[in-house]
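**Student:** Before we start, here is the structure in question, set down as structure tokens.
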2 protein chains.
Amino acid sequence: MDVDIKAYIRTIHDHPHPGIEFRDITTLLNDPVGFREAVDAMVKVHDADTIDHVAGIEARGFILGGAMAHQLFAGFVPIRKKGKLPGETIEEDYALEYGTDTVELHIDAVEPGDKVLLVDDLLATGGTAIAAIRLLERAGAEVVACSFVVDLPDLGGRAKLEALGKEVLTLCHFDGE
Amino acid sequence: MDVDIKAYIRTIHDHPHPGIEFRDITTLLNDPVGFREAVDAMVKVHDADTIDHVAGIEARGFILGGAMAHQLFAGFVPIRKKGKLPGETIEEDYALEYGTDTVELHIDAVEPGDKVLLVDDLLATGGTAIAAIRLLERAGAEVVACSFVVDLPDLGGRAKLEALGKEVLTLCHFDGE
């Protein structure tokens, strides 16, 4: 699934820390052709026509997920950092390199049996995505697939999501990190 | 321009502070029909077919703006809180009820002469939108219109944006706040 999406992605060296090669998708989003190709490719999961909701992870997953929900004629569900959603929420912690972070979902954002496509810009260790899946499943939804622009396969996220039985769709990958 | 968008918006009382009626658009985004109607209405500015970029204000403006950029076949430009964009940025401060906050734009996100549609979920005092317009204009772009789901006209944002010569499109309004 490598169209030329990778050519639109900018690498910023030593961001946010020395030694990190940051994969910046804003240059992809900025280009009308790149953005459209990315969105159109990311919705091509096996059961696209049965998706009820696209769930996007804050913040870059909102940009892609908004476009994908509109394209699929699905509703959009935000997965946000703690304290950002105004209604009643459930929460899940996930591990960072140092410490933990928390994501939240509105408890009434999905209904039991809803089919959900989960979206973010980048798949690394999969920690955030797995926390998001737990939230959606606790609320009764079925996460049928996960779409990302970039895969960092050496960090193992794809293997973890596939071990949970999820379809994983990525548009390009960067090795050696 | 009142389609029945307002019926999809949930009000959460006393959020985030006592006395505040919080207009929650997540219930609009969550509904496939509501979301599509909102996005399709928000792109109907006078010069829609000449828009080069849709600029969305973090974070709810990302969801709407991503869908609108995809719909218009335009590029998407994020306006983010300070410290979130990885490349070289310019910044603008704006006033809050107490203190100030800062938004940033990648300096290379737009080119001189680009026509931009600015997007956010809600227009209150207009402070964030005006800071975003300043950023885009400093980078050489022309902000031709601003789209919001909700207008709070008593807070005066629309009048300020119109005084700058901007077309302002809103889908519904709430009085008395």
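Naming works like this for the structure tokens: A, B, ... for the chains as they're shown, residue 1 at the start of each chain, ligands 1 onward in shown order.
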Output as a PyMOL selection string the set of chain B residues within 6 Å of chain A, with distances taken over only C-alpha atoms.
**Tutor:** chain B and resi 29-32+62-63+66-67+70+73-77
**Student:** Quick one: pick out all strand (DSSP E or B) residues within region 56-177 of chain B from a backbone DSSP run and write them as a PyMOL selection string.
**Tutor:** chain B and resi 56-57+75-81+89-95+100-106+115-123+142-151+167-173
**Student:** Those residues you just picked out, can you put them in a file as a short mmCIF file (atom, residue, chain, number, x, y, z; two decimals), in the first residue's frame with N, CA and C atoms?
**Tutor:**
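Output file part-v5.cif follows:
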data_model
loop_
_atom_site.label_atom_id
_atom_site.label_comp_id
_atom_site.auth_asym_id
_atom_site.auth_seq_id
_atom_site.Cartn_x
_atom_site.Cartn_y
_atom_site.Cartn_z
N GLY B 56 -7.52 24.96 10.18
CA GLY B 56 -8.34 24.57 11.32
C GLY B 56 -7.65 24.90 12.62
N ILE B 57 -8.43 25.41 13.58
CA ILE B 57 -7.88 25.79 14.89
C ILE B 57 -8.01 24.60 15.84
N GLY B 75 -5.72 21.84 0.59
CA GLY B 75 -4.81 21.37 1.62
C GLY B 75 -5.29 21.80 2.99
N PHE B 76 -4.84 21.11 4.04
CA PHE B 76 -5.23 21.46 5.41
C PHE B 76 -4.02 22.04 6.14
N VAL B 77 -4.28 23.14 6.87
CA VAL B 77 -3.24 23.81 7.64
C VAL B 77 -3.65 23.84 9.11
N PRO B 78 -2.84 23.26 10.02
CA PRO B 78 -3.19 23.32 11.44
C PRO B 78 -2.69 24.61 12.11
N ILE B 79 -3.59 25.22 12.89
CA ILE B 79 -3.23 26.33 13.80
C ILE B 79 -3.21 25.69 15.18
N ARG B 80 -2.02 25.65 15.82
CA ARG B 80 -1.91 24.87 17.05
C ARG B 80 -1.51 25.72 18.25
N LYS B 81 -1.77 25.17 19.43
CA LYS B 81 -1.26 25.76 20.66
C LYS B 81 0.27 25.77 20.61
N THR B 89 8.08 27.94 13.23
CA THR B 89 6.75 28.55 13.37
C THR B 89 6.83 30.06 13.58
N ILE B 90 5.68 30.71 13.36
CA ILE B 90 5.46 32.06 13.85
C ILE B 90 4.33 31.98 14.87
N GLU B 91 4.24 32.95 15.78
CA GLU B 91 3.24 32.86 16.84
C GLU B 91 2.53 34.17 17.09
N GLU B 92 1.35 34.08 17.64
CA GLU B 92 0.54 35.25 18.02
C GLU B 92 -0.11 34.97 19.37
N ASP B 93 -0.10 35.97 20.24
CA ASP B 93 -0.80 35.87 21.51
C ASP B 93 -2.24 36.38 21.35
N TYR B 94 -3.11 35.91 22.19
CA TYR B 94 -4.46 36.46 22.25
C TYR B 94 -4.94 36.46 23.69
N ALA B 95 -5.88 37.35 23.97
CA ALA B 95 -6.33 37.52 25.35
C ALA B 95 -7.35 36.47 25.74
N THR B 100 -3.22 35.39 28.87
CA THR B 100 -3.14 35.26 27.43
C THR B 100 -2.81 33.82 27.06
N ASP B 101 -3.02 33.49 25.78
CA ASP B 101 -2.60 32.21 25.25
C ASP B 101 -1.94 32.48 23.90
N THR B 102 -1.34 31.45 23.31
CA THR B 102 -0.55 31.64 22.10
C THR B 102 -0.90 30.55 21.09
N VAL B 103 -1.05 30.96 19.83
CA VAL B 103 -1.22 29.99 18.74
C VAL B 103 -0.06 30.12 17.76
N GLU B 104 0.22 29.01 17.07
CA GLU B 104 1.36 28.96 16.15
C GLU B 104 0.94 28.42 14.79
N LEU B 105 1.75 28.79 13.80
CA LEU B 105 1.55 28.34 12.41
C LEU B 105 2.93 27.99 11.85
N HIS B 106 3.04 26.90 11.13
CA HIS B 106 4.28 26.62 10.40
C HIS B 106 4.50 27.73 9.37
N LYS B 115 -5.31 31.51 -0.91
CA LYS B 115 -6.62 31.85 -0.37
C LYS B 115 -7.00 30.79 0.67
N VAL B 116 -7.32 31.27 1.87
CA VAL B 116 -7.53 30.38 3.02
C VAL B 116 -8.93 30.56 3.59
N LEU B 117 -9.55 29.43 3.94
CA LEU B 117 -10.80 29.40 4.69
C LEU B 117 -10.46 28.97 6.12
N LEU B 118 -10.75 29.83 7.10
CA LEU B 118 -10.44 29.54 8.50
C LEU B 118 -11.65 28.87 9.18
N VAL B 119 -11.38 27.86 10.00
CA VAL B 119 -12.46 27.05 10.58
C VAL B 119 -12.26 26.81 12.07
N ASP B 120 -13.34 26.96 12.82
CA ASP B 120 -13.35 26.50 14.21
C ASP B 120 -14.78 26.10 14.56
N ASP B 121 -14.95 25.51 15.72
CA ASP B 121 -16.29 25.05 16.06
C ASP B 121 -17.18 26.19 16.53
N LEU B 122 -16.62 27.17 17.23
CA LEU B 122 -17.45 28.16 17.92
C LEU B 122 -16.82 29.56 17.86
N LEU B 123 -17.64 30.55 17.58
CA LEU B 123 -17.20 31.95 17.54
C LEU B 123 -17.76 32.67 18.76
N GLU B 142 -4.18 35.07 2.13
CA GLU B 142 -5.38 35.90 2.22
C GLU B 142 -6.49 35.05 2.84
N VAL B 143 -6.98 35.48 4.00
CA VAL B 143 -8.08 34.76 4.65
C VAL B 143 -9.37 35.30 4.05
N VAL B 144 -10.02 34.50 3.20
CA VAL B 144 -11.17 35.02 2.47
C VAL B 144 -12.48 34.83 3.23
N ALA B 145 -12.51 33.88 4.15
CA ALA B 145 -13.74 33.65 4.91
C ALA B 145 -13.42 32.84 6.16
N CYS B 146 -14.36 32.89 7.11
CA CYS B 146 -14.23 32.14 8.37
C CYS B 146 -15.56 31.41 8.59
N SER B 147 -15.47 30.09 8.87
CA SER B 147 -16.66 29.28 9.10
C SER B 147 -16.65 28.71 10.51
N PHE B 148 -17.80 28.75 11.15
CA PHE B 148 -17.97 28.21 12.50
C PHE B 148 -19.32 27.48 12.56
N VAL B 149 -19.42 26.50 13.44
CA VAL B 149 -20.72 25.87 13.65
C VAL B 149 -21.61 26.81 14.46
N VAL B 150 -21.08 27.29 15.58
CA VAL B 150 -21.89 28.04 16.55
C VAL B 150 -21.41 29.49 16.64
N ASP B 151 -22.34 30.41 16.66
CA ASP B 151 -22.06 31.83 16.92
C ASP B 151 -22.68 32.21 18.27
N GLU B 167 -15.65 37.53 5.31
CA GLU B 167 -16.94 36.85 5.24
C GLU B 167 -17.01 35.89 6.43
N VAL B 168 -18.13 35.92 7.16
CA VAL B 168 -18.30 35.05 8.33
C VAL B 168 -19.53 34.18 8.11
N LEU B 169 -19.33 32.87 8.18
CA LEU B 169 -20.42 31.92 7.98
C LEU B 169 -20.58 31.12 9.27
N THR B 170 -21.79 31.14 9.84
CA THR B 170 -22.07 30.34 11.03
C THR B 170 -23.38 29.58 10.78
N LEU B 171 -23.52 28.43 11.44
CA LEU B 171 -24.67 27.57 11.16
C LEU B 171 -25.82 27.77 12.14
N CYS B 172 -25.52 28.26 13.34
CA CYS B 172 -26.57 28.49 14.32
C CYS B 172 -26.01 29.42 15.40
N HIS B 173 -26.89 29.94 16.24
CA HIS B 173 -26.41 30.84 17.28
C HIS B 173 -27.17 30.62 18.57
#
**Student:** Fit chain A to chain B, using all C-alpha atoms paired in sequence order for the least-squares superposition, and then show me the result as a PDB file with C-alpha atoms, in the first residue's frame.
**Tutor:**
ATOM      1  CA  MET A   1     -28.485  29.468   7.564  1.00  0.00           C
ATOM      2  CA  ASP A   2     -30.304  27.598  10.355  1.00  0.00           C
ATOM      3  CA  VAL A   3     -30.802  24.084   9.053  1.00  0.00           C
ATOM      4  CA  ASP A   4     -31.545  21.957  12.102  1.00  0.00           C
ATOM      5  CA  ILE A   5     -27.893  21.860  13.158  1.00  0.00           C
ATOM      6  CA  LYS A   6     -28.758  23.386  16.521  1.00  0.00           C
ATOM      7  CA  ALA A   7     -30.837  20.350  17.468  1.00  0.00           C
ATOM      8  CA  TYR A   8     -27.703  18.171  17.291  1.00  0.00           C
ATOM      9  CA  ILE A   9     -25.744  20.340  19.756  1.00  0.00           C
ATOM     10  CA  ARG A  10     -25.739  19.352  23.421  1.00  0.00           C
ATOM     11  CA  THR A  11     -25.557  21.952  26.180  1.00  0.00           C
ATOM     12  CA  ILE A  12     -23.575  20.998  29.284  1.00  0.00           C
ATOM     13  CA  HIS A  13     -24.369  23.228  32.233  1.00  0.00           C
ATOM     14  CA  ASP A  14     -21.653  24.697  34.457  1.00  0.00           C
ATOM     15  CA  HIS A  15     -18.779  23.455  32.247  1.00  0.00           C
ATOM     16  CA  PRO A  16     -15.922  24.174  32.599  1.00  0.00           C
ATOM     17  CA  HIS A  17     -16.953  26.690  35.291  1.00  0.00           C
ATOM     18  CA  PRO A  18     -20.180  27.335  37.227  1.00  0.00           C
ATOM     19  CA  GLY A  19     -22.531  29.543  35.201  1.00  0.00           C
ATOM     20  CA  ILE A  20     -21.112  28.528  31.803  1.00  0.00           C
ATOM     21  CA  GLU A  21     -23.456  26.855  29.305  1.00  0.00           C
ATOM     22  CA  PHE A  22     -21.010  24.764  27.270  1.00  0.00           C
ATOM     23  CA  ARG A  23     -22.119  24.132  23.682  1.00  0.00           C
ATOM     24  CA  ASP A  24     -20.880  20.614  22.950  1.00  0.00           C
ATOM     25  CA  ILE A  25     -20.642  19.804  19.234  1.00  0.00           C
ATOM     26  CA  THR A  26     -19.459  16.211  19.759  1.00  0.00           C
ATOM     27  CA  THR A  27     -23.104  15.103  19.522  1.00  0.00           C
ATOM     28  CA  LEU A  28     -23.292  16.794  16.105  1.00  0.00           C
ATOM     29  CA  LEU A  29     -20.048  15.211  14.879  1.00  0.00           C
ATOM     30  CA  ASN A  30     -21.258  11.849  16.175  1.00  0.00           C
ATOM     31  CA  ASP A  31     -24.268  11.779  13.863  1.00  0.00           C
ATOM     32  CA  PRO A  32     -23.558  10.923  10.202  1.00  0.00           C
ATOM     33  CA  VAL A  33     -26.336  13.175   8.886  1.00  0.00           C
ATOM     34  CA  GLY A  34     -25.581  16.044  11.254  1.00  0.00           C
ATOM     35  CA  PHE A  35     -21.853  15.906  10.550  1.00  0.00           C
ATOM     36  CA  ARG A  36     -22.324  15.795   6.790  1.00  0.00           C
ATOM     37  CA  GLU A  37     -24.880  18.628   6.817  1.00  0.00           C
ATOM     38  CA  ALA A  38     -22.585  20.767   8.946  1.00  0.00           C
ATOM     39  CA  VAL A  39     -19.513  20.201   6.767  1.00  0.00           C
ATOM     40  CA  ASP A  40     -21.400  20.708   3.534  1.00  0.00           C
ATOM     41  CA  ALA A  41     -22.917  23.969   4.832  1.00  0.00           C
ATOM     42  CA  MET A  42     -19.629  25.269   6.232  1.00  0.00           C
ATOM     43  CA  VAL A  43     -17.827  25.092   2.882  1.00  0.00           C
ATOM     44  CA  LYS A  44     -20.476  27.212   1.124  1.00  0.00           C
ATOM     45  CA  VAL A  45     -18.532  30.477   1.241  1.00  0.00           C
ATOM     46  CA  HIS A  46     -18.665  32.833  -1.722  1.00  0.00           C
ATOM     47  CA  ASP A  47     -15.350  31.847  -3.275  1.00  0.00           C
ATOM     48  CA  ALA A  48     -15.285  28.198  -2.254  1.00  0.00           C
ATOM     49  CA  ASP A  49     -13.866  27.078  -5.606  1.00  0.00           C
ATOM     50  CA  THR A  50     -10.780  29.281  -5.211  1.00  0.00           C
ATOM     51  CA  ILE A  51      -9.809  28.089  -1.702  1.00  0.00           C
ATOM     52  CA  ASP A  52      -6.229  26.739  -1.607  1.00  0.00           C
ATOM     53  CA  HIS A  53      -6.133  25.810   2.088  1.00  0.00           C
ATOM     54  CA  VAL A  54      -8.515  25.194   4.945  1.00  0.00           C
ATOM     55  CA  ALA A  55      -6.917  26.289   8.236  1.00  0.00           C
ATOM     56  CA  GLY A  56      -8.350  24.574  11.326  1.00  0.00           C
ATOM     57  CA  ILE A  57      -7.880  25.777  14.892  1.00  0.00           C
ATOM     58  CA  GLU A  58      -6.859  23.110  17.434  1.00  0.00           C
ATOM     59  CA  ALA A  59      -8.590  20.896  18.405  1.00  0.00           C
ATOM     60  CA  ARG A  60     -12.243  20.797  17.322  1.00  0.00           C
ATOM     61  CA  GLY A  61     -11.437  22.886  14.242  1.00  0.00           C
ATOM     62  CA  PHE A  62      -9.247  19.974  13.112  1.00  0.00           C
ATOM     63  CA  ILE A  63     -12.210  17.595  12.837  1.00  0.00           C
ATOM     64  CA  LEU A  64     -14.378  19.989  10.823  1.00  0.00           C
ATOM     65  CA  GLY A  65     -11.458  21.451   8.885  1.00  0.00           C
ATOM     66  CA  GLY A  66     -10.132  18.046   7.843  1.00  0.00           C
ATOM     67  CA  ALA A  67     -13.509  17.121   6.386  1.00  0.00           C
ATOM     68  CA  MET A  68     -13.886  20.537   4.725  1.00  0.00           C
ATOM     69  CA  ALA A  69     -10.423  20.440   3.137  1.00  0.00           C
ATOM     70  CA  HIS A  70     -11.167  16.981   1.759  1.00  0.00           C
ATOM     71  CA  GLN A  71     -14.549  18.151   0.436  1.00  0.00           C
ATOM     72  CA  LEU A  72     -13.032  21.244  -1.242  1.00  0.00           C
ATOM     73  CA  PHE A  73      -9.971  19.366  -2.556  1.00  0.00           C
ATOM     74  CA  ALA A  74      -7.833  21.868  -0.621  1.00  0.00           C
ATOM     75  CA  GLY A  75      -4.808  21.368   1.627  1.00  0.00           C
ATOM     76  CA  PHE A  76      -5.223  21.445   5.409  1.00  0.00           C
ATOM     77  CA  VAL A  77      -3.231  23.818   7.647  1.00  0.00           C
ATOM     78  CA  PRO A  78      -3.183  23.317  11.442  1.00  0.00           C
ATOM     79  CA  ILE A  79      -3.220  26.327  13.790  1.00  0.00           C
ATOM     80  CA  ARG A  80      -1.909  24.883  17.050  1.00  0.00           C
ATOM     81  CA  LYS A  81      -1.254  25.769  20.678  1.00  0.00           C
ATOM     82  CA  LYS A  82       2.319  26.798  21.407  1.00  0.00           C
ATOM     83  CA  GLY A  83       4.934  24.047  21.256  1.00  0.00           C
ATOM     84  CA  LYS A  84       2.933  21.488  19.275  1.00  0.00           C
ATOM     85  CA  LEU A  85       4.158  22.085  15.710  1.00  0.00           C
ATOM     86  CA  PRO A  86       7.501  20.417  14.943  1.00  0.00           C
ATOM     87  CA  GLY A  87       8.816  22.782  12.230  1.00  0.00           C
ATOM     88  CA  GLU A  88       9.722  26.478  12.185  1.00  0.00           C
ATOM     89  CA  THR A  89       6.754  28.552  13.371  1.00  0.00           C
ATOM     90  CA  ILE A  90       5.471  32.066  13.855  1.00  0.00           C
ATOM     91  CA  GLU A  91       3.251  32.852  16.845  1.00  0.00           C
ATOM     92  CA  GLU A  92       0.549  35.257  18.012  1.00  0.00           C
ATOM     93  CA  ASP A  93      -0.799  35.881  21.508  1.00  0.00           C
ATOM     94  CA  TYR A  94      -4.465  36.473  22.233  1.00  0.00           C
ATOM     95  CA  ALA A  95      -6.325  37.548  25.345  1.00  0.00           C
ATOM     96  CA  LEU A  96      -8.228  35.117  27.577  1.00  0.00           C
ATOM     97  CA  GLU A  97     -10.599  36.098  30.365  1.00  0.00           C
ATOM     98  CA  TYR A  98      -7.567  35.893  32.637  1.00  0.00           C
ATOM     99  CA  GLY A  99      -4.159  36.161  30.971  1.00  0.00           C
ATOM    100  CA  THR A 100      -3.132  35.266  27.427  1.00  0.00           C
ATOM    101  CA  ASP A 101      -2.607  32.221  25.253  1.00  0.00           C
ATOM    102  CA  THR A 102      -0.549  31.641  22.096  1.00  0.00           C
ATOM    103  CA  VAL A 103      -1.215  30.000  18.738  1.00  0.00           C
ATOM    104  CA  GLU A 104       1.359  28.957  16.153  1.00  0.00           C
ATOM    105  CA  LEU A 105       1.562  28.346  12.408  1.00  0.00           C
ATOM    106  CA  HIS A 106       4.277  26.610  10.403  1.00  0.00           C
ATOM    107  CA  ILE A 107       5.967  29.456   8.537  1.00  0.00           C
ATOM    108  CA  ASP A 108       5.952  27.404   5.308  1.00  0.00           C
ATOM    109  CA  ALA A 109       2.328  26.211   5.630  1.00  0.00           C
ATOM    110  CA  VAL A 110       1.005  28.783   3.159  1.00  0.00           C
ATOM    111  CA  GLU A 111       2.468  30.680   0.237  1.00  0.00           C
ATOM    112  CA  PRO A 112       1.991  34.361  -0.582  1.00  0.00           C
ATOM    113  CA  GLY A 113      -1.377  34.873  -2.254  1.00  0.00           C
ATOM    114  CA  ASP A 114      -2.887  31.585  -1.038  1.00  0.00           C
ATOM    115  CA  LYS A 115      -6.609  31.861  -0.359  1.00  0.00           C
ATOM    116  CA  VAL A 116      -7.529  30.388   3.012  1.00  0.00           C
ATOM    117  CA  LEU A 117     -10.792  29.413   4.691  1.00  0.00           C
ATOM    118  CA  LEU A 118     -10.445  29.549   8.501  1.00  0.00           C
ATOM    119  CA  VAL A 119     -12.467  27.049  10.567  1.00  0.00           C
ATOM    120  CA  ASP A 120     -13.356  26.508  14.201  1.00  0.00           C
ATOM    121  CA  ASP A 121     -16.305  25.037  16.066  1.00  0.00           C
ATOM    122  CA  LEU A 122     -17.445  28.158  17.922  1.00  0.00           C
ATOM    123  CA  LEU A 123     -17.208  31.951  17.525  1.00  0.00           C
ATOM    124  CA  ALA A 124     -17.271  33.797  20.862  1.00  0.00           C
ATOM    125  CA  THR A 125     -15.113  36.928  21.317  1.00  0.00           C
ATOM    126  CA  GLY A 126     -13.163  36.125  18.150  1.00  0.00           C
ATOM    127  CA  GLY A 127      -9.803  36.371  19.903  1.00  0.00           C
ATOM    128  CA  THR A 128      -8.440  33.047  18.686  1.00  0.00           C
ATOM    129  CA  ALA A 129      -9.749  33.561  15.156  1.00  0.00           C
ATOM    130  CA  ILE A 130      -8.180  37.029  14.914  1.00  0.00           C
ATOM    131  CA  ALA A 131      -4.834  35.655  16.130  1.00  0.00           C
ATOM    132  CA  ALA A 132      -5.096  32.906  13.490  1.00  0.00           C
ATOM    133  CA  ILE A 133      -5.891  35.472  10.776  1.00  0.00           C
ATOM    134  CA  ARG A 134      -2.843  37.526  11.798  1.00  0.00           C
ATOM    135  CA  LEU A 135      -0.632  34.436  11.535  1.00  0.00           C
ATOM    136  CA  LEU A 136      -1.942  33.508   8.092  1.00  0.00           C
ATOM    137  CA  GLU A 137      -1.626  37.085   6.826  1.00  0.00           C
ATOM    138  CA  ARG A 138       1.905  37.438   8.229  1.00  0.00           C
ATOM    139  CA  ALA A 139       2.755  34.326   6.199  1.00  0.00           C
ATOM    140  CA  GLY A 140       1.373  36.046   3.076  1.00  0.00           C
ATOM    141  CA  ALA A 141      -1.983  34.291   2.725  1.00  0.00           C
ATOM    142  CA  GLU A 142      -5.368  35.914   2.227  1.00  0.00           C
ATOM    143  CA  VAL A 143      -8.081  34.756   4.640  1.00  0.00           C
ATOM    144  CA  VAL A 144     -11.174  35.031   2.475  1.00  0.00           C
ATOM    145  CA  ALA A 145     -13.749  33.655   4.911  1.00  0.00           C
ATOM    146  CA  CYS A 146     -14.240  32.143   8.365  1.00  0.00           C
ATOM    147  CA  SER A 147     -16.669  29.277   9.095  1.00  0.00           C
ATOM    148  CA  PHE A 148     -17.990  28.208  12.497  1.00  0.00           C
ATOM    149  CA  VAL A 149     -20.725  25.858  13.649  1.00  0.00           C
ATOM    150  CA  VAL A 150     -21.894  28.033  16.548  1.00  0.00           C
ATOM    151  CA  ASP A 151     -22.065  31.830  16.918  1.00  0.00           C
ATOM    152  CA  LEU A 152     -22.431  33.496  20.330  1.00  0.00           C
ATOM    153  CA  PRO A 153     -23.344  36.918  18.919  1.00  0.00           C
ATOM    154  CA  ASP A 154     -23.522  38.696  22.279  1.00  0.00           C
ATOM    155  CA  LEU A 155     -19.762  38.185  22.667  1.00  0.00           C
ATOM    156  CA  GLY A 156     -19.060  40.237  19.550  1.00  0.00           C
ATOM    157  CA  GLY A 157     -16.728  38.006  17.535  1.00  0.00           C
ATOM    158  CA  ARG A 158     -18.686  38.217  14.305  1.00  0.00           C
ATOM    159  CA  ALA A 159     -18.689  42.027  14.364  1.00  0.00           C
ATOM    160  CA  LYS A 160     -14.905  42.070  14.872  1.00  0.00           C
ATOM    161  CA  LEU A 161     -14.252  39.661  11.995  1.00  0.00           C
ATOM    162  CA  GLU A 162     -16.605  41.544   9.685  1.00  0.00           C
ATOM    163  CA  ALA A 163     -14.849  44.797  10.620  1.00  0.00           C
ATOM    164  CA  LEU A 164     -11.679  43.155   9.245  1.00  0.00           C
ATOM    165  CA  GLY A 165     -13.538  42.605   5.957  1.00  0.00           C
ATOM    166  CA  LYS A 166     -13.958  38.859   6.415  1.00  0.00           C
ATOM    167  CA  GLU A 167     -16.930  36.840   5.247  1.00  0.00           C
ATOM    168  CA  VAL A 168     -18.296  35.048   8.323  1.00  0.00           C
ATOM    169  CA  LEU A 169     -20.412  31.921   7.977  1.00  0.00           C
ATOM    170  CA  THR A 170     -22.091  30.334  11.029  1.00  0.00           C
ATOM    171  CA  LEU A 171     -24.683  27.558  11.154  1.00  0.00           C
ATOM    172  CA  CYS A 172     -26.576  28.487  14.325  1.00  0.00           C
ATOM    173  CA  HIS A 173     -26.411  30.857  17.276  1.00  0.00           C
ATOM    174  CA  PHE A 174     -27.154  30.970  20.992  1.00  0.00           C
ATOM    175  CA  ASP A 175     -28.222  34.318  22.456  1.00  0.00           C
ATOM    176  CA  GLY A 176     -27.864  35.686  25.955  1.00  0.00           C
ATOM    177  CA  GLU A 177     -24.284  34.802  26.786  1.00  0.00           C
TER     178      GLU A 177
END
**Student:** As a PyMOL selection string, please: every residue in region 31-62 of chain A that a backbone DSSP assignment puts in alpha helix (DSSP H).
**Tutor:** chain A and resi 32-42+60-62
**Student:** Based on the selection just made, write N, CA and C atoms of those residues as a compact mmCIF listing (two decimals), in the first residue's frame.
**Tutor:**
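Output file again_12.txt is given in full below:
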# COMPACT_ATOMS: atom_id res chain seq x y z
N PRO A 32 -3.14 19.27 -1.45
CA PRO A 32 -4.48 18.76 -1.78
C PRO A 32 -4.45 17.33 -2.32
N VAL A 33 -3.50 17.03 -3.18
CA VAL A 33 -3.43 15.68 -3.76
C VAL A 33 -2.98 14.67 -2.72
N GLY A 34 -1.95 15.03 -1.96
CA GLY A 34 -1.46 14.12 -0.93
C GLY A 34 -2.52 13.82 0.12
N PHE A 35 -3.20 14.87 0.57
CA PHE A 35 -4.23 14.71 1.60
C PHE A 35 -5.36 13.82 1.09
N ARG A 36 -5.81 14.11 -0.13
CA ARG A 36 -6.92 13.31 -0.67
C ARG A 36 -6.51 11.86 -0.87
N GLU A 37 -5.30 11.64 -1.40
CA GLU A 37 -4.84 10.25 -1.60
C GLU A 37 -4.74 9.51 -0.27
N ALA A 38 -4.25 10.20 0.74
CA ALA A 38 -4.10 9.56 2.05
C ALA A 38 -5.47 9.18 2.62
N VAL A 39 -6.40 10.13 2.61
CA VAL A 39 -7.73 9.86 3.17
C VAL A 39 -8.43 8.75 2.40
N ASP A 40 -8.36 8.82 1.09
CA ASP A 40 -9.05 7.82 0.28
C ASP A 40 -8.45 6.43 0.49
N ALA A 41 -7.14 6.35 0.70
CA ALA A 41 -6.50 5.05 0.96
C ALA A 41 -6.82 4.55 2.36
N MET A 42 -6.89 5.46 3.32
CA MET A 42 -7.08 5.05 4.72
C MET A 42 -8.48 4.50 5.01
N ARG A 60 -3.72 14.87 15.77
CA ARG A 60 -3.61 14.70 14.32
C ARG A 60 -4.62 13.70 13.78
N GLY A 61 -5.05 12.75 14.63
CA GLY A 61 -6.09 11.82 14.21
C GLY A 61 -7.43 12.50 13.97
N PHE A 62 -7.60 13.71 14.51
CA PHE A 62 -8.83 14.46 14.28
C PHE A 62 -8.93 14.93 12.82
